[in-house]
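I have placed the structure first, in the form of structure tokens, so that the comments after it can refer back to it.
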Amino acid sequence: MHAVTLIKGDGIGPSIMDEAVKVIDASGVKIQWEEAYAGLAAFEQFGTPLPDETMASIDKTRLAFKGPLTTVVGTGFRSINVALRQKYDLYANVRPAKNWPGVQTRFDNVDIVIVRENTEGLYAGLEHYLTPKKDIAESLAVVTRAGSERIIEYAFKYARDNNRKKVTVCHKANILKYTQGLFLDVAREIAPKYPDIQFDEKIIDAACMHMVMDPTQFDVIVCTNMFGDILSDLTAGLVGGLGLIPGANIGTDAALFEAVHGSAPDITGKNLANPTAVIMAGVMMLHHLGEHDAADKIQTAVEKVVKEGKFVTPDLNPQSKCGTVEMGNAIVAAMK
Ligand code: NAD
């Protein structure tokens with residue numbers, strides 16, 4: 001029995017997380033779900049977006065399965081996603097994007113894993129106004145040698161352990177010579193330790209152009225926090241959209257699994273949200289727990305349902321009348 005803190009989240013979160021829990025439980029793996037709250041839902045219910053009870057649960061389980069959390073743009077409380085990643089030092093954010101059989105996209109053979117530094121960079125949270133009139137704002141990017149070493153090592157080890165051929169560091173060291181320069185220097189120092197893995201470096205703006213011209217030239221990408229955030233939505237778009245892409249947030253002694261997408265207010269309450277991304281985040285979590293058979297069983301079922309294209313949400317098949325719940329049911333049925 002594995003204990004997992006379950007945070008259903010905001011917007012489409014509860015509906016997709018219910019399907020993910022149903023699918024994971026149907027795989028036969030024994031999970032004791034400890035439900036906890038965070039984000040807007042927690043703020044409205046407990047007056048804080050990150051209640052002590054939620055942290056007490058993660059302190060104990062060291063493992064969370066989380067739906068998307070709403071962070072109001074511009075005002076309001078700080079991102080709870082960023083806060084959780086920093087509190088549990090979940091330094092590696094791993095986001096795989098691969099073509100799915102049955103999902104028509106512009107390119108075939110896309111198979112990219114973004115390894116994003118998750119605790120530093122421009123998301124370090126060091127932002128403030130410099131004047132009482134609030135007409136000058138300043139944000140500080142923090143890049144440390146230790147933080148860069150551990151994420152770049154993680155990317156190369158990930159590549160080696162997962163039979164990958166190449167690691168590309170995407171950076172902006174031509175302009176940000178200290179922060180991005182340090183990250184790039186560390187990548188150049190570490191790369192020779194992995195002679196079996198090809199090393200490449202690309203300036204981030206050029207990398208975006210290359211990615212939409214020929215994404216097959218990318219394999220594992222490592223970058224600082226904000227570039228990874230943006231690039232992973234780009235890679236999601238290449239393989240069929242945000243409804244498909246999972247993410248793992250890995251630390252040395254805690255981990256949190258979630259979809260790459262957010263709380264999707266535009267489709268909340270309409271039974272339209274694709275549960276695949278969070279279900280695949282569940283698959284990553286099961287591999288993390290060593291439950292490889294259950295993970296493979298779920299992945300095979302999801303692939304079958306997506307490939308058939310009948311019981312999928314409209315983001316995958318605009319003709320489909322199937323909703324979140326029906327897609328979850330079809331995945332459970334495909335496992336039998
Ligand atoms: P979003 O990812 O919620 O939505 C972007 C677009 O993708 C929308 O059109 C949405 O309908 C679609 N989409 C997203 N998930 C989908 C799914 N499962 N199935 C089908 N379509 C899907 O991004 P946003 O609208 O920019 O952000 C909304 C909120 O989510 C914001 O408050 C943001 O801060 C938050 N957010 C949270 C996380 C997280 O919790 N990890 C990640 C990103 C954004």
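In the structure tokens, chains take letters A, B, ... by order of appearance, with residues numbered from 1 within each chain and ligands from 1 in the order shown.
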Residue contacts of Gln198 (chain A) (8 Å, only C-alpha atoms) excluding same-chain residues fewer than 6 positions away, as a PDB file with N, CA and C atoms, in the first residue's frame:
ATOM      1  N   LYS A 165      19.641   9.864 -26.873  1.00  0.00           N
ATOM      2  CA  LYS A 165      20.906  10.048 -27.587  1.00  0.00           C
ATOM      3  C   LYS A 165      21.539  11.420 -27.350  1.00  0.00           C
ATOM      4  N   LYS A 166      20.686  12.408 -27.019  1.00  0.00           N
ATOM      5  CA  LYS A 166      21.204  13.786 -27.092  1.00  0.00           C
ATOM      6  C   LYS A 166      20.604  14.661 -25.982  1.00  0.00           C
ATOM      7  N   VAL A 167      21.405  15.564 -25.445  1.00  0.00           N
ATOM      8  CA  VAL A 167      20.902  16.592 -24.521  1.00  0.00           C
ATOM      9  C   VAL A 167      21.211  17.955 -25.136  1.00  0.00           C
TER      10      VAL A 167
END
As a PDB file with C-alpha atoms, in the first residue's frame, please: every protein or nucleic acid residue near ligand 1 (cut-off 9 Å, counting only C-alpha atoms and all ligand atoms).
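New file selection11.pdb:
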ATOM      1  CA  GLY A   9      -7.127  21.381  -7.464  1.00  0.00           C
ATOM      2  CA  ASP A  10      -9.171  24.094  -9.143  1.00  0.00           C
ATOM      3  CA  GLY A  11     -11.244  24.490 -12.304  1.00  0.00           C
ATOM      4  CA  ILE A  12     -11.204  21.248 -14.309  1.00  0.00           C
ATOM      5  CA  GLY A  13      -8.980  19.699 -11.594  1.00  0.00           C
ATOM      6  CA  ILE A  16      -9.993  15.023 -14.307  1.00  0.00           C
ATOM      7  CA  GLY A  39      -5.000  26.765  -4.460  1.00  0.00           C
ATOM      8  CA  LYS A  66      -2.043  17.111  -7.883  1.00  0.00           C
ATOM      9  CA  GLY A  67      -4.610  18.708 -10.182  1.00  0.00           C
ATOM     10  CA  PRO A  68      -4.030  22.197 -11.609  1.00  0.00           C
ATOM     11  CA  LEU A  69      -4.189  25.192  -9.280  1.00  0.00           C
ATOM     12  CA  THR A  70      -5.493  28.590 -10.325  1.00  0.00           C
ATOM     13  CA  THR A  71      -3.093  31.490  -9.817  1.00  0.00           C
ATOM     14  CA  VAL A  72      -4.838  34.767 -10.489  1.00  0.00           C
ATOM     15  CA  VAL A  73      -2.891  36.856 -13.029  1.00  0.00           C
ATOM     16  CA  SER A  79       1.699  30.644  -7.114  1.00  0.00           C
ATOM     17  CA  ILE A  80       1.169  27.629  -4.877  1.00  0.00           C
ATOM     18  CA  ASN A  81       2.733  25.437  -7.563  1.00  0.00           C
ATOM     19  CA  VAL A  82       5.967  27.425  -7.251  1.00  0.00           C
ATOM     20  CA  ASP A 229       7.717  26.447 -18.634  1.00  0.00           C
ATOM     21  CA  ASP A 233       3.580  24.239 -23.693  1.00  0.00           C
ATOM     22  CA  GLY A 241      -2.240  19.844 -27.073  1.00  0.00           C
ATOM     23  CA  LEU A 242      -2.128  20.339 -23.344  1.00  0.00           C
ATOM     24  CA  GLY A 243      -4.658  17.602 -22.672  1.00  0.00           C
ATOM     25  CA  LEU A 244      -1.955  14.991 -23.284  1.00  0.00           C
ATOM     26  CA  ILE A 245       1.211  16.076 -21.466  1.00  0.00           C
ATOM     27  CA  GLY A 247       4.817  16.304 -15.674  1.00  0.00           C
ATOM     28  CA  GLU A 258       0.638  16.665 -12.233  1.00  0.00           C
ATOM     29  CA  ALA A 259      -0.391  17.636 -15.772  1.00  0.00           C
ATOM     30  CA  VAL A 260       1.469  20.409 -17.575  1.00  0.00           C
ATOM     31  CA  HIS A 261      -1.792  22.268 -18.203  1.00  0.00           C
ATOM     32  CA  GLY A 262      -3.636  24.627 -15.877  1.00  0.00           C
ATOM     33  CA  SER A 263      -7.152  24.805 -14.459  1.00  0.00           C
ATOM     34  CA  ALA A 264      -8.686  25.694 -17.884  1.00  0.00           C
ATOM     35  CA  PRO A 265     -11.449  28.080 -16.727  1.00  0.00           C
ATOM     36  CA  ASP A 266     -12.786  28.274 -20.306  1.00  0.00           C
ATOM     37  CA  ILE A 267     -13.952  24.635 -20.222  1.00  0.00           C
ATOM     38  CA  THR A 268     -14.590  24.148 -16.483  1.00  0.00           C
ATOM     39  CA  LEU A 272     -14.912  18.653 -21.882  1.00  0.00           C
ATOM     40  CA  ALA A 273     -11.535  18.352 -20.143  1.00  0.00           C
ATOM     41  CA  ASN A 274      -9.240  15.629 -21.401  1.00  0.00           C
ATOM     42  CA  PRO A 275      -8.133  13.497 -18.419  1.00  0.00           C
ATOM     43  CA  THR A 276      -5.198  11.942 -20.355  1.00  0.00           C
ATOM     44  CA  ALA A 277      -2.495  14.321 -19.097  1.00  0.00           C
ATOM     45  CA  VAL A 278      -3.217  13.652 -15.428  1.00  0.00           C
ATOM     46  CA  THR A 313     -12.762  14.385 -25.540  1.00  0.00           C
ATOM     47  CA  PRO A 314     -13.384  16.969 -28.309  1.00  0.00           C
ATOM     48  CA  ASP A 315      -9.845  18.424 -28.126  1.00  0.00           C
ATOM     49  CA  LEU A 316      -8.721  15.143 -29.731  1.00  0.00           C
ATOM     50  CA  THR A 324     -14.226  13.568 -19.362  1.00  0.00           C
TER      51      THR A 324
END
_Closest of A:Pro318, A:Gly323, A:Pro215, A:Gly269 to Val110 (chain A) - atom-to-atom distances counting only C-alpha atoms_ =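 Nearest candidate to Val110 (chain A) out of A:Pro318, A:Gly323, A:Pro215, A:Gly269: A:Pro215.
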_Just to confirm, what's the straight-line distance from CA of Ser139 (chain A) to CA of Gly181 (chain A) in Å (one decimal)?_
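So the answer is 18.1 Å.
Considering only C-alpha atoms, the residue among A:Ile190, A:Ile31, A:Val169, A:Val312 positioned nearest to Glu149 (chain A) is A:Ile190.
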*Run DSSP on the backbone and grab whatever in region 4-96 of chain A lands in strand (DSSP E or B); send it over as a ChimeraX atom specification.*
/A:4-7,31-36,63-66,92-96
_Non-local contacts of Gly147 (chain A) (8 Å; only C-alpha atoms; under 3 positions in same chain excluded) as JSON, numbers by chain_ = {"A": [91, 117, 120, 143, 144, 150, 151]}
C-alpha atoms of the current selection, written as a PDB file, in the first residue's frame:
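For reference, part_6.pdb as written:
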ATOM      1  CA  TYR A  91      14.248  20.664  -8.471  1.00  0.00           C
ATOM      2  CA  GLU A 117      15.059  23.590 -13.443  1.00  0.00           C
ATOM      3  CA  GLU A 120      15.440  28.982  -9.243  1.00  0.00           C
ATOM      4  CA  VAL A 143      20.963  30.844 -10.891  1.00  0.00           C
ATOM      5  CA  THR A 144      23.370  28.947  -8.654  1.00  0.00           C
ATOM      6  CA  ARG A 150      22.113  19.032 -10.140  1.00  0.00           C
ATOM      7  CA  ILE A 151      19.579  19.707 -12.927  1.00  0.00           C
TER       8      ILE A 151
END
*Got a sec to tell me which of region 48-291 of chain A DSSP assigns to helix (DSSP H, G or I), as number ranges by chain?*
A: 52-61, 80-87, 145-161, 179-193, 204-213, 215-217, 225-238, 242-244, 265-267, 276-288
May I have the residues within 9 Å of Tyr37 (chain A) as a PDB file with C-alpha atoms, in the first residue's frame, using only C-alpha atoms and disregarding those fewer than 3 positions away in the same chain?
ATOM      1  CA  LEU A   6      -4.237  13.792  -3.402  1.00  0.00           C
ATOM      2  CA  ILE A   7      -4.881  17.440  -4.278  1.00  0.00           C
ATOM      3  CA  LYS A   8      -7.715  17.693  -6.794  1.00  0.00           C
ATOM      4  CA  GLY A   9      -7.127  21.381  -7.464  1.00  0.00           C
ATOM      5  CA  ALA A  41     -10.389  26.079  -3.556  1.00  0.00           C
ATOM      6  CA  ALA A  42      -8.342  25.966  -0.343  1.00  0.00           C
ATOM      7  CA  PHE A  43      -8.274  29.761  -0.108  1.00  0.00           C
ATOM      8  CA  GLN A  45     -12.552  27.102   2.180  1.00  0.00           C
ATOM      9  CA  PHE A  46      -9.703  27.645   4.692  1.00  0.00           C
ATOM     10  CA  PRO A  49      -4.121  28.702  -0.435  1.00  0.00           C
ATOM     11  CA  LEU A  50      -1.781  26.237   1.271  1.00  0.00           C
ATOM     12  CA  PRO A  51      -3.255  24.957   4.559  1.00  0.00           C
ATOM     13  CA  GLU A  53      -2.897  20.131   6.932  1.00  0.00           C
ATOM     14  CA  THR A  54      -1.846  19.848   3.282  1.00  0.00           C
TER      15      THR A  54
END
_Test item: residues at most 8 Å from Thr168 (chain A), only C-alpha atoms, excluding those fewer than 3 positions along its chain, as a list of chain:residue names_ =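 Residues near the query, excluding close chain neighbours: A:Phe199, A:Asp200, A:Glu201, A:Lys202, A:Phe218, A:Asp219, A:Val220, A:Ile221, A:Val222.
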_What's around region 93-101 of chain A at 8 Å? Count only C-alpha atoms, leave out sequence neighbours fewer than 4 positions away in its own chain, and write the answer as a PyMOL selection string._
chain A and resi 105+108-118+232+235-236+239-240+245-250+260+303+306-307
Emit the selected residues as a PDB file, in the first residue's frame, including C-alpha atoms.
ATOM      1  CA  THR A 105      -0.342  16.583 -35.852  1.00  0.00           C
ATOM      2  CA  ASP A 108       5.595  12.721 -36.933  1.00  0.00           C
ATOM      3  CA  ASN A 109       8.321  11.264 -34.711  1.00  0.00           C
ATOM      4  CA  VAL A 110       8.277  14.008 -32.101  1.00  0.00           C
ATOM      5  CA  ASP A 111       9.723  12.582 -28.900  1.00  0.00           C
ATOM      6  CA  ILE A 112      11.057  15.347 -26.660  1.00  0.00           C
ATOM      7  CA  VAL A 113      11.623  15.433 -22.918  1.00  0.00           C
ATOM      8  CA  ILE A 114      11.951  18.837 -21.283  1.00  0.00           C
ATOM      9  CA  VAL A 115      13.997  18.805 -18.085  1.00  0.00           C
ATOM     10  CA  ARG A 116      13.264  22.134 -16.471  1.00  0.00           C
ATOM     11  CA  GLU A 117      15.059  23.590 -13.443  1.00  0.00           C
ATOM     12  CA  ASN A 118      12.165  24.033 -11.042  1.00  0.00           C
ATOM     13  CA  SER A 232       6.838  22.603 -22.538  1.00  0.00           C
ATOM     14  CA  THR A 235       6.080  20.852 -27.220  1.00  0.00           C
ATOM     15  CA  ALA A 236       2.546  20.031 -25.993  1.00  0.00           C
ATOM     16  CA  VAL A 239       1.908  16.534 -30.231  1.00  0.00           C
ATOM     17  CA  GLY A 240      -1.794  17.314 -29.844  1.00  0.00           C
ATOM     18  CA  ILE A 245       1.211  16.076 -21.466  1.00  0.00           C
ATOM     19  CA  PRO A 246       2.153  14.933 -17.951  1.00  0.00           C
ATOM     20  CA  GLY A 247       4.817  16.304 -15.674  1.00  0.00           C
ATOM     21  CA  ALA A 248       6.879  14.981 -12.788  1.00  0.00           C
ATOM     22  CA  ASN A 249       8.386  17.272 -10.146  1.00  0.00           C
ATOM     23  CA  ILE A 250      11.243  15.354  -8.567  1.00  0.00           C
ATOM     24  CA  VAL A 260       1.469  20.409 -17.575  1.00  0.00           C
ATOM     25  CA  GLU A 303      -3.123   4.492 -25.990  1.00  0.00           C
ATOM     26  CA  VAL A 306      -6.806   7.551 -27.904  1.00  0.00           C
ATOM     27  CA  LYS A 307      -5.932   5.575 -31.042  1.00  0.00           C
TER      28      LYS A 307
END
*For CA of Thr216 (chain A) and CA of Leu238 (chain A), determine how far apart the two atoms are, in Å to one decimal place.*
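The value is 10.7 Å.
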*Could you please determine the separation between CA of Ile175 (chain A) and CA of Asp214 (chain A) in Å, to one decimal place?*
25.2 Å
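The residue that comes closest to Gly328 (chain A), out of A:Leu130, A:Leu184, A:Ala301, A:Val283 and on the basis of only C-alpha atoms, is A:Ala301.
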